[in-house]
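S.K.: To be precise about what I am sending: the file is called input-v9.cif and holds mmCIF, C-alpha atoms.
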```
data_run
loop_
_atom_site.group_PDB
_atom_site.id
_atom_site.type_symbol
_atom_site.label_atom_id
_atom_site.label_comp_id
_atom_site.auth_asym_id
_atom_site.auth_seq_id
_atom_site.Cartn_x
_atom_site.Cartn_y
_atom_site.Cartn_z
ATOM 1 C CA MET A 699 10.351 173.707 116.675
ATOM 2 C CA LEU A 700 12.842 173.171 113.859
ATOM 3 C CA ARG A 701 10.620 174.713 111.209
ATOM 4 C CA PRO A 702 10.976 178.441 110.484
ATOM 5 C CA SER A 703 8.143 180.607 109.195
ATOM 6 C CA LEU A 704 7.539 181.069 105.478
ATOM 7 C CA PRO A 705 9.387 184.424 105.284
ATOM 8 C CA THR A 706 12.469 182.680 106.676
ATOM 9 C CA GLY A 707 12.160 180.011 103.989
ATOM 10 C CA ALA A 708 12.006 182.714 101.351
ATOM 11 C CA ILE A 709 15.213 184.237 102.706
ATOM 12 C CA ILE A 710 16.914 180.831 102.573
ATOM 13 C CA ILE A 711 15.913 180.325 98.938
ATOM 14 C CA PHE A 712 17.291 183.767 98.110
ATOM 15 C CA LEU A 713 20.618 182.959 99.754
ATOM 16 C CA LEU A 714 20.837 179.608 97.979
ATOM 17 C CA SER A 715 19.951 180.833 94.520
ATOM 18 C CA SER A 716 21.923 184.063 94.499
ATOM 19 C CA GLY A 717 24.990 183.194 96.539
ATOM 20 C CA MET A 718 24.492 186.552 98.244
ATOM 21 C CA SER A 719 24.956 187.335 101.906
ATOM 22 C CA LEU A 720 22.935 189.472 104.264
ATOM 23 C CA ALA A 721 25.223 192.363 103.176
ATOM 24 C CA ALA A 722 27.605 192.588 106.101
ATOM 25 C CA GLU A 723 31.316 192.985 105.377
ATOM 26 C CA PRO A 724 33.690 190.120 106.270
ATOM 27 C CA LEU A 725 36.087 190.505 109.151
ATOM 28 C CA GLN A 726 39.593 190.707 107.689
ATOM 29 C CA GLY A 727 42.732 189.131 109.072
ATOM 30 C CA SER A 728 41.501 187.471 112.266
ATOM 31 C CA PRO A 729 42.164 183.760 112.746
ATOM 32 C CA PRO A 730 39.202 181.605 113.885
ATOM 33 C CA GLY A 731 40.460 181.446 117.486
ATOM 34 C CA ASP A 732 40.203 185.218 117.751
ATOM 35 C CA LEU A 733 36.594 185.056 116.584
ATOM 36 C CA ILE A 734 35.722 182.528 119.281
ATOM 37 C CA ARG A 735 37.126 184.837 121.969
ATOM 38 C CA SER A 736 35.576 187.957 120.445
ATOM 39 C CA PRO A 737 35.094 190.477 123.271
ATOM 40 C CA SER A 738 32.293 192.422 121.576
ATOM 41 C CA THR A 739 28.877 191.099 122.556
ATOM 42 C CA VAL A 740 25.705 192.326 120.902
ATOM 43 C CA GLU A 741 22.177 191.696 122.134
ATOM 44 C CA VAL A 742 20.286 190.673 119.012
ATOM 45 C CA GLN A 743 17.762 193.147 117.627
ATOM 46 C CA ALA A 744 15.258 192.022 114.994
ATOM 47 C CA GLY A 745 15.968 193.508 111.589
ATOM 48 C CA GLU A 746 19.650 194.222 112.304
ATOM 49 C CA GLU A 747 22.522 192.581 110.418
ATOM 50 C CA TYR A 748 25.735 191.369 112.061
ATOM 51 C CA GLY A 749 29.071 190.490 110.483
ATOM 52 C CA GLY A 750 31.558 187.710 111.080
ATOM 53 C CA GLY A 751 33.333 187.899 114.407
ATOM 54 C CA THR A 752 30.370 189.413 116.267
ATOM 55 C CA ARG A 753 29.325 187.631 119.451
ATOM 56 C CA ILE A 754 25.542 187.392 119.275
ATOM 57 C CA ARG A 755 23.634 187.198 122.556
ATOM 58 C CA ILE A 756 20.004 186.146 122.882
ATOM 59 C CA GLY A 757 19.195 186.933 126.487
ATOM 60 C CA ALA A 758 15.743 185.328 126.448
ATOM 61 C CA ALA A 759 17.333 182.011 125.453
ATOM 62 C CA GLY A 760 20.354 182.366 127.750
ATOM 63 C CA VAL A 761 22.903 181.741 124.988
ATOM 64 C CA SER A 762 25.480 183.509 122.856
ATOM 65 C CA PHE A 763 27.705 182.499 119.920
ATOM 66 C CA VAL A 764 30.108 184.074 117.442
ATOM 67 C CA ILE A 765 29.155 184.466 113.788
ATOM 68 C CA PRO A 766 31.840 182.708 111.707
ATOM 69 C CA ARG A 767 34.262 184.680 109.578
ATOM 70 C CA ASP A 768 33.001 185.282 106.022
ATOM 71 C CA TRP A 769 29.400 184.864 107.183
ATOM 72 C CA SER A 770 26.805 187.374 108.298
ATOM 73 C CA GLY A 771 23.500 187.016 110.047
ATOM 74 C CA GLY A 772 20.374 188.558 111.422
ATOM 75 C CA LEU A 773 17.029 187.927 113.052
ATOM 76 C CA PRO A 774 14.250 188.782 110.590
ATOM 77 C CA PRO A 775 11.278 190.700 112.020
ATOM 78 C CA ASP A 776 8.528 188.397 113.281
ATOM 79 C CA SER A 777 10.864 185.379 113.339
ATOM 80 C CA ALA A 778 12.413 183.413 116.182
ATOM 81 C CA VAL A 779 15.063 181.905 113.883
ATOM 82 C CA PHE A 780 18.441 183.605 113.403
ATOM 83 C CA ILE A 781 19.520 183.420 109.736
ATOM 84 C CA LEU A 782 23.158 183.008 108.674
ATOM 85 C CA GLY A 783 24.474 183.463 105.141
ATOM 86 C CA PRO A 784 27.969 182.960 103.706
ATOM 87 C CA LEU A 785 29.550 185.891 101.907
ATOM 88 C CA GLY A 786 29.875 185.381 98.173
ATOM 89 C CA LYS A 787 28.698 181.787 97.778
ATOM 90 C CA PRO A 788 25.505 179.717 98.068
ATOM 91 C CA GLY A 789 24.464 178.159 101.340
ATOM 92 C CA PHE A 790 22.587 179.030 104.488
ATOM 93 C CA GLY A 791 22.568 178.631 108.219
ATOM 94 C CA LEU A 792 19.729 178.670 110.733
ATOM 95 C CA VAL A 793 20.042 179.040 114.487
ATOM 96 C CA PHE A 794 17.143 177.808 116.618
ATOM 97 C CA PHE A 795 16.964 178.785 120.292
ATOM 98 C CA LEU A 796 15.507 176.020 122.445
ATOM 99 C CA ARG A 797 13.751 176.397 125.780
ATOM 100 C CA ASP A 798 12.095 173.903 128.122
ATOM 101 C CA VAL A 799 13.399 170.906 126.179
ATOM 102 C CA SER A 800 15.322 167.731 126.888
ATOM 103 C CA ALA A 801 17.982 166.026 124.795
ATOM 104 C CA GLU A 802 15.414 163.321 124.020
ATOM 105 C CA ASP A 803 12.960 165.936 122.683
ATOM 106 C CA ILE A 804 15.606 167.399 120.397
ATOM 107 C CA ALA A 805 16.822 163.991 119.186
ATOM 108 C CA ALA A 806 13.247 163.074 118.237
ATOM 109 C CA ARG A 807 12.819 166.317 116.293
ATOM 110 C CA MET A 808 16.189 166.003 114.565
ATOM 111 C CA SER A 809 15.440 162.443 113.424
ATOM 112 C CA VAL A 810 12.595 163.390 111.079
ATOM 113 C CA VAL A 811 12.343 165.228 107.751
ATOM 114 C CA GLN A 812 13.006 168.964 108.127
ATOM 115 C CA PRO A 813 10.654 170.979 105.849
ATOM 116 C CA PHE A 814 12.246 174.411 105.443
ATOM 117 C CA ALA A 815 10.093 175.485 102.489
ATOM 118 C CA HIS A 816 7.444 173.858 100.302
ATOM 119 C CA ASP A 817 10.124 172.659 97.866
ATOM 120 C CA LEU A 818 13.078 172.286 100.253
ATOM 121 C CA MET A 819 12.907 169.185 102.435
ATOM 122 C CA PHE A 820 15.921 167.711 104.231
ATOM 123 C CA GLU A 821 15.761 163.997 105.055
ATOM 124 C CA PRO A 822 18.029 162.401 107.669
ATOM 125 C CA THR A 823 20.793 160.247 106.177
ATOM 126 C CA GLY A 824 21.401 158.336 109.404
ATOM 127 C CA PRO A 825 20.556 158.283 113.102
ATOM 128 C CA VAL A 826 21.066 161.242 115.412
ATOM 129 C CA LYS A 827 24.373 160.915 117.262
ATOM 130 C CA THR A 828 24.228 161.906 120.927
ATOM 131 C CA VAL A 829 27.324 162.410 123.053
ATOM 132 C CA GLY A 830 26.551 163.953 126.429
ATOM 133 C CA THR A 831 24.782 167.255 125.802
ATOM 134 C CA ARG A 832 25.689 167.339 122.100
ATOM 135 C CA LEU A 833 23.482 165.998 119.291
ATOM 136 C CA GLU A 834 24.478 165.749 115.604
ATOM 137 C CA ALA A 835 22.615 164.787 112.445
ATOM 138 C CA ALA A 836 23.221 164.777 108.682
ATOM 139 C CA TYR A 837 20.616 165.396 105.975
ATOM 140 C CA ALA A 838 20.126 165.408 102.214
ATOM 141 C CA GLY A 839 17.630 167.514 100.308
ATOM 142 C CA GLY A 840 17.505 167.674 96.519
ATOM 143 C CA ASP A 841 21.009 168.552 95.366
ATOM 144 C CA MET A 842 21.991 169.815 98.814
ATOM 145 C CA ILE A 843 23.231 168.448 102.107
ATOM 146 C CA GLY A 844 22.477 169.618 105.610
ATOM 147 C CA ARG A 845 24.307 169.333 108.906
ATOM 148 C CA ALA A 846 22.737 169.942 112.315
ATOM 149 C CA LEU A 847 24.326 170.330 115.723
ATOM 150 C CA ALA A 848 22.353 170.868 118.917
ATOM 151 C CA LEU A 849 23.958 171.804 122.230
ATOM 152 C CA MET A 850 22.015 171.537 125.478
ATOM 153 C CA GLY A 851 22.452 174.130 128.200
ATOM 154 C CA PRO A 852 22.209 173.833 131.982
ATOM 155 C CA SER A 853 18.582 174.967 132.330
ATOM 156 C CA HIS A 854 16.634 172.868 129.817
ATOM 157 C CA ASN A 855 17.703 175.366 127.184
ATOM 158 C CA GLY A 856 19.759 174.844 124.091
ATOM 159 C CA VAL A 857 20.749 175.976 120.638
ATOM 160 C CA LEU A 858 20.504 174.130 117.340
ATOM 161 C CA TYR A 859 22.653 175.091 114.363
ATOM 162 C CA PHE A 860 21.556 173.887 110.919
ATOM 163 C CA LEU A 861 23.808 174.523 107.909
ATOM 164 C CA GLY A 862 23.032 173.675 104.306
ATOM 165 C CA SER A 863 25.059 173.798 101.105
ATOM 166 C CA ARG A 864 26.273 171.734 98.152
ATOM 167 C CA PRO A 865 27.684 168.226 98.754
ATOM 168 C CA GLU A 866 31.254 169.340 98.014
ATOM 169 C CA GLU A 867 31.005 171.697 101.013
ATOM 170 C CA ALA A 868 30.480 168.852 103.540
ATOM 171 C CA ALA A 869 33.875 169.254 105.234
ATOM 172 C CA ALA A 870 33.465 173.029 105.373
ATOM 173 C CA LEU A 871 30.044 172.676 107.021
ATOM 174 C CA ASP A 872 31.483 170.308 109.616
ATOM 175 C CA ARG A 873 34.286 172.790 110.399
ATOM 176 C CA LEU A 874 31.791 175.646 110.710
ATOM 177 C CA LEU A 875 29.648 173.651 113.139
ATOM 178 C CA GLU A 876 32.720 172.972 115.282
ATOM 179 C CA GLU A 877 33.556 176.677 115.251
ATOM 180 C CA LEU A 878 30.004 177.581 116.277
ATOM 181 C CA ALA A 879 30.060 174.943 119.028
ATOM 182 C CA ALA A 880 33.392 176.215 120.390
ATOM 183 C CA SER A 881 32.030 179.758 120.557
ATOM 184 C CA THR A 882 28.719 178.866 122.243
ATOM 185 C CA VAL A 883 28.229 180.075 125.805
ATOM 186 C CA PHE A 884 25.212 179.299 127.982
ATOM 187 C CA GLU A 885 24.331 181.664 130.794
ATOM 188 C CA THR A 886 23.911 180.363 134.315
ATOM 189 C CA GLU A 887 21.959 182.128 137.039
ATOM 190 C CA GLY A 888 21.672 185.285 134.962
ATOM 191 C CA SER A 889 25.418 185.699 134.455
ATOM 192 C CA PHE A 890 27.202 185.976 131.130
ATOM 193 C CA GLU A 891 30.902 185.644 130.483
ATOM 194 C CA PRO A 892 32.334 184.935 127.026
ATOM 195 C CA PRO A 893 35.307 182.566 126.818
ATOM 196 C CA ALA A 894 38.546 184.033 128.182
ATOM 197 C CA PRO A 895 41.284 184.775 125.624
#
```
As structure tokens - that is how I would like this structure written.
M.R.:
Amino acid sequence: MLRPSLPTGAIIIFLLSSGMSLAAEPLQGSPPGDLIRSPSTVEVQAGEEYGGGTRIRIGAAGVSFVIPRDWSGGLPPDSAVFILGPLGKPGFGLVFFLRDVSAEDIAARMSVVQPFAHDLMFEPTGPVKTVGTRLEAAYAGGDMIGRALALMGPSHNGVLYFLGSRPEEAAALDRLLEELAASTVFETEGSFEPPAP
């Protein structure tokens, strides 16, 4: 479940090697807290690009989150993995939408090597940390590091964020994961309400 299709891997390699984004403009002047409470919610459409500060909703997975400032993202056609890219520097983010899973299932999948492309493999650098409905893991792959955070929802659903970059970006990746976690909203009984300001 944590492995995207080959076209997704090709997009990741492009983002890593070029330092380019998915071409959306950054949101100017808004502090991170404003992004978390972003009132605009967009139902994801394959092939569309979304800029920082946009609340992305995936109705089929029952989850929404806000794209971080200075990042952009989109769902490539024929992919179930939402791709995130930082504006103006190397790195990547992947968002996996989980259904009909348990925390134990996700922990088992997070504890093994993550093959994102034929020459990009991320190996765990320690055990998966589980606290309640939150699972975290750290990885290393070549000259890169990876950070993963999975959040479990109320209906055997969940979301897994995976961010990768250079080792000197470790603290920044951790901050971004916390921002994504704070913005994540799971739907219950068909309702959807983003966090109140």
S.K.: Residues picked by the PyMOL selection byres ((chain A and resi 851) around 10) here, as a CSV table (one decimal) with C-alpha atoms, in the frame of the given file?
M.R.:
```csv
chain,number,residue,atom,x,y,z
A,759,ALA,CA,17.3,182.0,125.5
A,760,GLY,CA,20.4,182.4,127.8
A,761,VAL,CA,22.9,181.7,125.0
A,796,LEU,CA,15.5,176.0,122.4
A,797,ARG,CA,13.8,176.4,125.8
A,799,VAL,CA,13.4,170.9,126.2
A,800,SER,CA,15.3,167.7,126.9
A,801,ALA,CA,18.0,166.0,124.8
A,831,THR,CA,24.8,167.3,125.8
A,832,ARG,CA,25.7,167.3,122.1
A,848,ALA,CA,22.4,170.9,118.9
A,849,LEU,CA,24.0,171.8,122.2
A,850,MET,CA,22.0,171.5,125.5
A,852,PRO,CA,22.2,173.8,132.0
A,853,SER,CA,18.6,175.0,132.3
A,854,HIS,CA,16.6,172.9,129.8
A,855,ASN,CA,17.7,175.4,127.2
A,856,GLY,CA,19.8,174.8,124.1
A,857,VAL,CA,20.7,176.0,120.6
A,882,THR,CA,28.7,178.9,122.2
A,883,VAL,CA,28.2,180.1,125.8
A,884,PHE,CA,25.2,179.3,128.0
A,885,GLU,CA,24.3,181.7,130.8
A,886,THR,CA,23.9,180.4,134.3
```
S.K.: Contacts of A:Ala836 at 8 Å or less, counting all atoms listed in the file, minus same-chain residues fewer than 3 places along, as JSON, numbers by chain?
M.R.: {"A": [822, 823, 824, 826, 843, 844, 845, 846]}
S.K.: From the set A:Arg873, A:Val764, A:Gly789, A:Ala879, which residue has the shortest atom-to-atom contact distance to A:Met842, counting all atoms listed in the file?
M.R.: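 Looking at the shortest contact to A:Met842, the residue is A:Gly789.
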S.K.: So what do you get for atom CA of A:Arg755 versus atom CA of A:Val742, distance-wise?
M.R.: 6.0 Å
S.K.: I need the residue nearest A:Glu866 from this list: A:Pro813, A:Gly830, A:Pro788, A:Pro774. Use all atoms listed in the file for the distance.
M.R.: A:Pro788
S.K.: Report, in Å to a single decimal, how far apart atom CA of A:Glu877 and atom CA of A:Arg753 are.
M.R.: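 So the answer is 12.5 Å.
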S.K.: Quick one: axis-aligned box around all listed atoms of stretch 779-785 of chain A, 5 Å on every side, centre and edge lengths in Å to one decimal, written as AutoDock Vina command-line options.
M.R.:
```
--center_x 22.3 --center_y 183.9 --center_z 107.9 --size_x 24.5 --size_y 14.0 --size_z 22.0
```
S.K.: Which of these residues is nearest to A:Leu785, using only C-alpha atoms: A:Gly750, A:Gly862, A:Gly772, A:Pro825?
M.R.: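 Checking each candidate against A:Leu785, we get A:Gly750 as the closest.
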S.K.: Using only C-alpha atoms, which residue out of A:Leu874, A:Leu847, A:Val740, A:Ile804 lies closest to A:Arg767?
M.R.: A:Leu874
S.K.: For stretch 739-763 of chain A, which lacks atoms in the input, supply N, CA and C atoms and format the output as a PDB file, in the frame of the given file.
M.R.:
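Dumped everything to result-v3.pdb:
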```pdb
ATOM      1  N   THR A 739      30.116 191.862 122.456  1.00  0.00           N
ATOM      2  CA  THR A 739      28.877 191.099 122.556  1.00  0.00           C
ATOM      3  C   THR A 739      27.719 192.012 122.219  1.00  0.00           C
ATOM      4  N   VAL A 740      26.834 191.535 121.359  1.00  0.00           N
ATOM      5  CA  VAL A 740      25.705 192.326 120.902  1.00  0.00           C
ATOM      6  C   VAL A 740      24.420 191.588 121.232  1.00  0.00           C
ATOM      7  N   GLU A 741      23.511 192.257 121.917  1.00  0.00           N
ATOM      8  CA  GLU A 741      22.177 191.696 122.134  1.00  0.00           C
ATOM      9  C   GLU A 741      21.412 191.815 120.821  1.00  0.00           C
ATOM     10  N   VAL A 742      20.919 190.703 120.331  1.00  0.00           N
ATOM     11  CA  VAL A 742      20.286 190.673 119.012  1.00  0.00           C
ATOM     12  C   VAL A 742      19.045 191.561 118.977  1.00  0.00           C
ATOM     13  N   GLN A 743      18.940 192.329 117.906  1.00  0.00           N
ATOM     14  CA  GLN A 743      17.762 193.147 117.627  1.00  0.00           C
ATOM     15  C   GLN A 743      17.186 192.696 116.290  1.00  0.00           C
ATOM     16  N   ALA A 744      15.898 192.445 116.242  1.00  0.00           N
ATOM     17  CA  ALA A 744      15.258 192.022 114.994  1.00  0.00           C
ATOM     18  C   ALA A 744      15.472 193.073 113.917  1.00  0.00           C
ATOM     19  N   GLY A 745      15.778 192.607 112.715  1.00  0.00           N
ATOM     20  CA  GLY A 745      15.968 193.508 111.589  1.00  0.00           C
ATOM     21  C   GLY A 745      17.376 194.029 111.423  1.00  0.00           C
ATOM     22  N   GLU A 746      18.260 193.782 112.403  1.00  0.00           N
ATOM     23  CA  GLU A 746      19.650 194.222 112.304  1.00  0.00           C
ATOM     24  C   GLU A 746      20.496 193.123 111.667  1.00  0.00           C
ATOM     25  N   GLU A 747      21.596 193.527 111.030  1.00  0.00           N
ATOM     26  CA  GLU A 747      22.522 192.581 110.418  1.00  0.00           C
ATOM     27  C   GLU A 747      23.856 192.631 111.156  1.00  0.00           C
ATOM     28  N   TYR A 748      24.494 191.474 111.304  1.00  0.00           N
ATOM     29  CA  TYR A 748      25.735 191.369 112.061  1.00  0.00           C
ATOM     30  C   TYR A 748      26.767 190.612 111.234  1.00  0.00           C
ATOM     31  N   GLY A 749      28.007 191.089 111.268  1.00  0.00           N
ATOM     32  CA  GLY A 749      29.071 190.490 110.483  1.00  0.00           C
ATOM     33  C   GLY A 749      29.847 189.438 111.241  1.00  0.00           C
ATOM     34  N   GLY A 750      30.710 188.732 110.503  1.00  0.00           N
ATOM     35  CA  GLY A 750      31.558 187.710 111.080  1.00  0.00           C
ATOM     36  C   GLY A 750      32.410 188.270 112.203  1.00  0.00           C
ATOM     37  N   GLY A 751      32.552 187.483 113.256  1.00  0.00           N
ATOM     38  CA  GLY A 751      33.333 187.899 114.407  1.00  0.00           C
ATOM     39  C   GLY A 751      32.515 188.540 115.504  1.00  0.00           C
ATOM     40  N   THR A 752      31.239 188.800 115.260  1.00  0.00           N
ATOM     41  CA  THR A 752      30.370 189.413 116.267  1.00  0.00           C
ATOM     42  C   THR A 752      29.822 188.335 117.182  1.00  0.00           C
ATOM     43  N   ARG A 753      29.964 188.543 118.492  1.00  0.00           N
ATOM     44  CA  ARG A 753      29.325 187.631 119.451  1.00  0.00           C
ATOM     45  C   ARG A 753      27.878 188.060 119.612  1.00  0.00           C
ATOM     46  N   ILE A 754      26.978 187.162 119.226  1.00  0.00           N
ATOM     47  CA  ILE A 754      25.542 187.392 119.275  1.00  0.00           C
ATOM     48  C   ILE A 754      24.998 186.835 120.580  1.00  0.00           C
ATOM     49  N   ARG A 755      24.245 187.651 121.297  1.00  0.00           N
ATOM     50  CA  ARG A 755      23.634 187.198 122.556  1.00  0.00           C
ATOM     51  C   ARG A 755      22.115 187.273 122.434  1.00  0.00           C
ATOM     52  N   ILE A 756      21.450 186.192 122.828  1.00  0.00           N
ATOM     53  CA  ILE A 756      20.004 186.146 122.882  1.00  0.00           C
ATOM     54  C   ILE A 756      19.638 185.912 124.341  1.00  0.00           C
ATOM     55  N   GLY A 757      19.419 186.997 125.048  1.00  0.00           N
ATOM     56  CA  GLY A 757      19.195 186.933 126.487  1.00  0.00           C
ATOM     57  C   GLY A 757      18.019 186.062 126.883  1.00  0.00           C
ATOM     58  N   ALA A 758      16.934 186.110 126.104  1.00  0.00           N
ATOM     59  CA  ALA A 758      15.743 185.328 126.448  1.00  0.00           C
ATOM     60  C   ALA A 758      16.018 183.829 126.393  1.00  0.00           C
ATOM     61  N   ALA A 759      16.986 183.430 125.568  1.00  0.00           N
ATOM     62  CA  ALA A 759      17.333 182.011 125.453  1.00  0.00           C
ATOM     63  C   ALA A 759      18.526 181.638 126.320  1.00  0.00           C
ATOM     64  N   GLY A 760      19.209 182.641 126.886  1.00  0.00           N
ATOM     65  CA  GLY A 760      20.354 182.366 127.750  1.00  0.00           C
ATOM     66  C   GLY A 760      21.551 181.805 127.021  1.00  0.00           C
ATOM     67  N   VAL A 761      21.809 182.289 125.785  1.00  0.00           N
ATOM     68  CA  VAL A 761      22.903 181.741 124.988  1.00  0.00           C
ATOM     69  C   VAL A 761      23.529 182.832 124.125  1.00  0.00           C
ATOM     70  N   SER A 762      24.807 182.645 123.818  1.00  0.00           N
ATOM     71  CA  SER A 762      25.480 183.509 122.856  1.00  0.00           C
ATOM     72  C   SER A 762      26.401 182.656 122.000  1.00  0.00           C
ATOM     73  N   PHE A 763      26.767 183.175 120.815  1.00  0.00           N
ATOM     74  CA  PHE A 763      27.705 182.499 119.920  1.00  0.00           C
ATOM     75  C   PHE A 763      28.331 183.552 119.020  1.00  0.00           C
TER      76      PHE A 763
END
```
